[in-house]
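Written out below as structure tokens is the structure these notes cover.
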Amino acid sequence: MTAPSSTPRQPKPLADGTDHLDHLQQALAALEVERLQAWGRELATRLRSGGRLLAAGNGGSAAEAQHLTSELVGRLRDDRQPLSAIALHAETSTVTAIANDYGYDEVFARQVRAHGQPGDVLLLLSTSGRSGNVLRAAEAAHERGLTVWALTGAAPNPLTELADEAVCVDAPTATVQECHLVAVHLLCAGVDIALGVCPPLTPTAATPPAPGGLVVVGDALLDRDLLGTVDRVSPEAPVVAVDRVEVLARPGGAGLAAVLAARGARPVTLMTALSDDPEGRDLRGLLRDAGIRVIDLGLAGPTPVKSRVRADGRTVLMFSQAPEAVPGPRRALTDEEHALVVGASAVLVSDYGRGLTEDSSVRAALTAAAAATPLVWDPHPRGARPVPGARLVTPNRKEATGFVPGYAGADLASDIERGRRLVDLWEAVGVAVTRGADGALLLDTAKSSPLAVPGRRTVGADTCGAGDCFAASAAVLLAGGALLSEAVTGAVRAAEEFVAAGGATAWNAGTAGTAGTAAGKPGTGPADPLEAVARVREAGGTVVATGGCFDLLHAGHVALLESARLLGDCLVVCLNDDDSVRRLKGPRRPVVPAVDRAAVLGSLASVDGVVVFTESTPQEALRRIRPDIYVKGGDYRVDDLPEAALVDGWGGRTVILPYVDGRSTTRMVDRIRLGIGDR
């Protein structure tokens, strides 16, 4: 046997630990940080859209790949929803079975074919870029339509040729693996920043954060509603006369935002500028009664007052008492006040164009806070520009149109274009363009698809304060760790509830709506369905009820409920709880738990309320509702229903409505178990 003419070159031994650190410093300095951050943004978009990350490597690279997936399924720093990521080498039974049956080169490729879907990402780690199983995985990924990213050692190598993109580290093997760990953390940080989970990694103040508190910064106003009745036209002029006037005062501007934020069960501090005039003293007292801690920077002018004359639930006249010149605050922030802003759990800037957010000390604190904590900025056409890095800026459509001239349309496409331009203009993580009854539209710095949160039409004409409620609710939700998408969705729902409850006009020390509590949950009808029943009865209307399991809601159910609702003025559904469904349908039912079934039913326009009952029949629930008409669907006969005699007892009537032919939950469940689709 002839000896080879040459042997592979061995790496030079390290003289001491200093050489090792030198290699690491040189390699880190050359690391492609921008590419890794771009990967993070792209990965955030794909994972948020239901995609998946697959990762694989051998030896030390396997450890780094598993480190990556654990950070995504778990978290890097701040809490967020789990993201789908699988380390292909971590399933030992699968790896050894594939290696035994198909050879070791197939251990990753076969799993890619099993788990990968078009649009997913496969991240492969290899210090040499030559491992056969890694190369086969890349080939399988391309066959399945996955994007392939690679972390390797020095280029060129076979893996970089197969990858769509690669980050290469030209260094000894140990240093390559250490740099790959840093790359993993940079990638995860890029994902979190794109999702709005944490701000970009920029220097922050060294002051320790204050625990739990939310800080509202902005211009506080005094709002007054003059409430009366209109029964006649004035004999002096062709105008209505408002009689029996009652004056209701409340905090306005940033003051109202602070009161609404305080409903989120977090301590709230309002940083504002108050005057020492009678109106200023009234405003201070209202804030104190609402439990708001006030940091007063002193207003160099009179208190702005806005007054509305209202009658029969409508605004007749509005007038403002505010100086033309913007006086601004009398003093700057102290170091302690600066630290309070930076260390808050979240900051809400409620800018009403009165000069507070243009003060240099205030802007310095807000700029530092934007890099350290969620900061929500509710802008004003005459106000200051939001500081860079704000987590969320919340202009309404009219304001957004003014900030971005040239896009005057009131349609969705125009709002998207405005929002995208404002993200860049303000250097914000996200911009939510509020669209009144149409909901809100979220655009973000990751350039991901716009998130449109539709509005639900609410019974309530007074929208005064709805924008403050939206911004306050978003800030409270972000302080609690919500994603931007969750915060905007919750804020839309909270604003709808606020308007439905009467808006700012309904404010008093005990009721001002809710910020960030029930927000974001789907509507399930009134909290107490009997309230809807009582309202209909007071108006002389007809109450309709029906009952059932409503497991796997289908077209037959929907048709039944719509038909039942047409028989009267409100419809209440009596819903079997999970135990009663099991007694009726067997141990494998229900497929959907009662809480979700109630939420789905409550979201239907035909359903005014849902009552969950535990018995096998809804007789006790019907006794509480006492419907005028009780409806059942299918092939029942009235005489066969035990509830019919009960309903007859108070003068009600029981009727049968037909199901849509061929629709059955049991049939659907059986076909799903057999893997047969409906045709």
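Going through the structure tokens in order, the chains are called A, B, and so on, while each chain numbers its residues from 1 and the ligands are numbered from 1 in the order shown.
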TODO: Taking the chain letters and numbering used in this document, name the residues of range 360-587 of chain A that DSSP puts in strand (DSSP E or B), as a PyMOL selection string.
DONE: chain A and resi 375-378+392-393+396+430-434+440-444+451-453+543-548+570-576
- [ ] Enter the distance from CA of Val543 in chain A to CA of Val600 in chain A, in Å, rounded to one decimal.
- [x]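 Computing the Euclidean distance for CA of Val543 in chain A and CA of Val600 in chain A yields 20.9 Å.
Separating CA of Pro302 in chain A from CA of Ser275 in chain A is a distance of 5.9 Å.
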Pick out the residues sitting within 6 Å of range 340-353 of chain A, and hand them over as a PDB file with N, CA, C and O atoms, in the first residue's frame; count only C-alpha atoms, and ignore anything fewer than 5 positions along from it in its own chain.
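This is the output file result11.pdb:
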ATOM      1  N   PRO A 209     -35.204  50.219  36.647  1.00  0.00           N
ATOM      2  CA  PRO A 209     -36.589  50.533  36.320  1.00  0.00           C
ATOM      3  C   PRO A 209     -37.490  50.531  37.546  1.00  0.00           C
ATOM      4  O   PRO A 209     -37.271  49.783  38.491  1.00  0.00           O
ATOM      5  N   ALA A 210     -38.504  51.381  37.509  1.00  0.00           N
ATOM      6  CA  ALA A 210     -39.523  51.363  38.548  1.00  0.00           C
ATOM      7  C   ALA A 210     -40.463  50.199  38.268  1.00  0.00           C
ATOM      8  O   ALA A 210     -40.875  49.991  37.137  1.00  0.00           O
ATOM      9  N   GLY A 212     -43.508  48.000  37.563  1.00  0.00           N
ATOM     10  CA  GLY A 212     -44.942  47.898  37.317  1.00  0.00           C
ATOM     11  C   GLY A 212     -45.662  49.141  36.875  1.00  0.00           C
ATOM     12  O   GLY A 212     -46.765  49.049  36.364  1.00  0.00           O
ATOM     13  N   GLY A 213     -45.107  50.333  37.044  1.00  0.00           N
ATOM     14  CA  GLY A 213     -45.871  51.541  36.774  1.00  0.00           C
ATOM     15  C   GLY A 213     -45.921  51.906  35.307  1.00  0.00           C
ATOM     16  O   GLY A 213     -45.006  51.623  34.546  1.00  0.00           O
ATOM     17  N   LEU A 214     -47.014  52.548  34.902  1.00  0.00           N
ATOM     18  CA  LEU A 214     -47.169  53.060  33.552  1.00  0.00           C
ATOM     19  C   LEU A 214     -47.164  54.580  33.633  1.00  0.00           C
ATOM     20  O   LEU A 214     -47.806  55.168  34.506  1.00  0.00           O
ATOM     21  N   VAL A 215     -46.445  55.236  32.742  1.00  0.00           N
ATOM     22  CA  VAL A 215     -46.321  56.694  32.745  1.00  0.00           C
ATOM     23  C   VAL A 215     -47.010  57.253  31.509  1.00  0.00           C
ATOM     24  O   VAL A 215     -46.756  56.797  30.390  1.00  0.00           O
ATOM     25  N   VAL A 216     -47.894  58.225  31.728  1.00  0.00           N
ATOM     26  CA  VAL A 216     -48.542  58.961  30.648  1.00  0.00           C
ATOM     27  C   VAL A 216     -47.921  60.354  30.618  1.00  0.00           C
ATOM     28  O   VAL A 216     -47.848  61.038  31.644  1.00  0.00           O
ATOM     29  N   VAL A 217     -47.465  60.767  29.444  1.00  0.00           N
ATOM     30  CA  VAL A 217     -46.839  62.077  29.266  1.00  0.00           C
ATOM     31  C   VAL A 217     -47.655  62.848  28.239  1.00  0.00           C
ATOM     32  O   VAL A 217     -47.883  62.356  27.129  1.00  0.00           O
ATOM     33  N   GLY A 218     -48.108  64.050  28.620  1.00  0.00           N
ATOM     34  CA  GLY A 218     -48.859  64.822  27.634  1.00  0.00           C
ATOM     35  C   GLY A 218     -49.629  65.976  28.231  1.00  0.00           C
ATOM     36  O   GLY A 218     -49.536  66.284  29.426  1.00  0.00           O
ATOM     37  N   ASP A 219     -50.406  66.618  27.373  1.00  0.00           N
ATOM     38  CA  ASP A 219     -51.145  67.831  27.720  1.00  0.00           C
ATOM     39  C   ASP A 219     -52.512  67.464  28.291  1.00  0.00           C
ATOM     40  O   ASP A 219     -53.341  66.855  27.604  1.00  0.00           O
ATOM     41  N   ALA A 254     -54.525  64.238  27.811  1.00  0.00           N
ATOM     42  CA  ALA A 254     -53.703  63.239  28.492  1.00  0.00           C
ATOM     43  C   ALA A 254     -54.305  62.830  29.831  1.00  0.00           C
ATOM     44  O   ALA A 254     -54.052  61.726  30.323  1.00  0.00           O
ATOM     45  N   ALA A 369     -36.523  56.403  26.824  1.00  0.00           N
ATOM     46  CA  ALA A 369     -37.538  55.394  27.140  1.00  0.00           C
ATOM     47  C   ALA A 369     -37.853  54.520  25.934  1.00  0.00           C
ATOM     48  O   ALA A 369     -38.102  53.321  26.075  1.00  0.00           O
ATOM     49  N   THR A 373     -38.265  50.554  26.826  1.00  0.00           N
ATOM     50  CA  THR A 373     -39.581  50.077  27.254  1.00  0.00           C
ATOM     51  C   THR A 373     -40.585  50.352  26.146  1.00  0.00           C
ATOM     52  O   THR A 373     -40.349  51.213  25.288  1.00  0.00           O
ATOM     53  N   PRO A 374     -41.726  49.667  26.114  1.00  0.00           N
ATOM     54  CA  PRO A 374     -42.740  49.978  25.103  1.00  0.00           C
ATOM     55  C   PRO A 374     -43.214  51.425  25.227  1.00  0.00           C
ATOM     56  O   PRO A 374     -43.618  51.860  26.311  1.00  0.00           O
ATOM     57  N   LEU A 375     -43.159  52.171  24.129  1.00  0.00           N
ATOM     58  CA  LEU A 375     -43.607  53.559  24.120  1.00  0.00           C
ATOM     59  C   LEU A 375     -44.655  53.727  23.023  1.00  0.00           C
ATOM     60  O   LEU A 375     -44.396  53.435  21.862  1.00  0.00           O
ATOM     61  N   VAL A 376     -45.846  54.165  23.430  1.00  0.00           N
ATOM     62  CA  VAL A 376     -46.948  54.412  22.510  1.00  0.00           C
ATOM     63  C   VAL A 376     -47.118  55.922  22.378  1.00  0.00           C
ATOM     64  O   VAL A 376     -47.188  56.627  23.387  1.00  0.00           O
ATOM     65  N   TRP A 377     -47.187  56.412  21.146  1.00  0.00           N
ATOM     66  CA  TRP A 377     -47.282  57.855  20.909  1.00  0.00           C
ATOM     67  C   TRP A 377     -48.580  58.139  20.158  1.00  0.00           C
ATOM     68  O   TRP A 377     -48.769  57.705  19.026  1.00  0.00           O
ATOM     69  N   ASP A 378     -49.473  58.882  20.811  1.00  0.00           N
ATOM     70  CA  ASP A 378     -50.714  59.323  20.185  1.00  0.00           C
ATOM     71  C   ASP A 378     -50.482  60.740  19.672  1.00  0.00           C
ATOM     72  O   ASP A 378     -50.467  61.694  20.444  1.00  0.00           O
ATOM     73  N   PRO A 379     -50.274  60.927  18.361  1.00  0.00           N
ATOM     74  CA  PRO A 379     -49.801  62.211  17.850  1.00  0.00           C
ATOM     75  C   PRO A 379     -50.932  63.225  17.672  1.00  0.00           C
ATOM     76  O   PRO A 379     -52.123  62.889  17.707  1.00  0.00           O
ATOM     77  N   HIS A 380     -50.534  64.476  17.436  1.00  0.00           N
ATOM     78  CA  HIS A 380     -51.480  65.572  17.193  1.00  0.00           C
ATOM     79  C   HIS A 380     -50.972  66.363  15.999  1.00  0.00           C
ATOM     80  O   HIS A 380     -49.758  66.544  15.836  1.00  0.00           O
ATOM     81  N   ARG A 382     -50.729  69.427  15.473  1.00  0.00           N
ATOM     82  CA  ARG A 382     -49.882  70.557  15.872  1.00  0.00           C
ATOM     83  C   ARG A 382     -48.827  70.153  16.899  1.00  0.00           C
ATOM     84  O   ARG A 382     -48.166  71.014  17.481  1.00  0.00           O
ATOM     85  N   GLY A 383     -48.688  68.870  17.127  1.00  0.00           N
ATOM     86  CA  GLY A 383     -47.771  68.404  18.154  1.00  0.00           C
ATOM     87  C   GLY A 383     -46.384  68.106  17.632  1.00  0.00           C
ATOM     88  O   GLY A 383     -46.062  68.333  16.462  1.00  0.00           O
ATOM     89  N   ALA A 479     -47.456  46.831  27.945  1.00  0.00           N
ATOM     90  CA  ALA A 479     -46.799  46.730  29.255  1.00  0.00           C
ATOM     91  C   ALA A 479     -46.920  45.326  29.826  1.00  0.00           C
ATOM     92  O   ALA A 479     -46.043  44.857  30.558  1.00  0.00           O
TER      93      ALA A 479
END
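By only C-alpha atoms, and with residues fewer than 3 positions from Pro118 in chain A along its chain excluded, the set lying at most 7 Å from it is A:Arg144, A:Gly145, A:Leu146.
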Need the shell around range 586-599 of chain A: protein/DNA/RNA residues with any atom at most 9 Å away, counting only C-alpha atoms. Skip same-chain ones fewer than 2 positions apart. Format as a tab-separated table (two decimals) with C-alpha atoms, in the first residue's frame?
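Below is the file part-v9.tsv, written as the result:
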chain	number	residue	atom	x	y	z
A	522	PRO	CA	-63.89	38.08	20.73
A	523	GLY	CA	-67.36	39.36	21.42
A	524	THR	CA	-69.62	36.85	23.12
A	525	GLY	CA	-72.74	38.95	23.40
A	549	CYS	CA	-74.68	21.25	21.85
A	550	PHE	CA	-73.56	23.23	18.77
A	551	ASP	CA	-70.34	21.21	18.56
A	552	LEU	CA	-68.46	21.93	15.28
A	553	LEU	CA	-70.77	24.73	14.16
A	573	VAL	CA	-78.92	30.13	22.99
A	575	LEU	CA	-75.71	25.67	25.37
A	576	ASN	CA	-74.90	22.23	26.82
A	577	ASP	CA	-71.74	22.26	28.94
A	578	ASP	CA	-69.01	19.68	28.26
A	579	ASP	CA	-70.23	17.11	30.81
A	581	VAL	CA	-72.52	16.76	25.92
A	582	ARG	CA	-70.52	13.70	27.01
A	583	ARG	CA	-73.65	12.21	28.61
A	584	LEU	CA	-75.63	12.78	25.41
A	601	LEU	CA	-72.02	31.42	18.94
A	602	GLY	CA	-71.80	34.82	20.62
A	603	SER	CA	-69.92	36.24	17.63
A	610	VAL	CA	-75.50	32.48	25.38
A	611	VAL	CA	-76.40	30.62	28.60
A	612	VAL	CA	-74.36	27.49	29.40
A	669	VAL	CA	-66.85	14.02	13.17
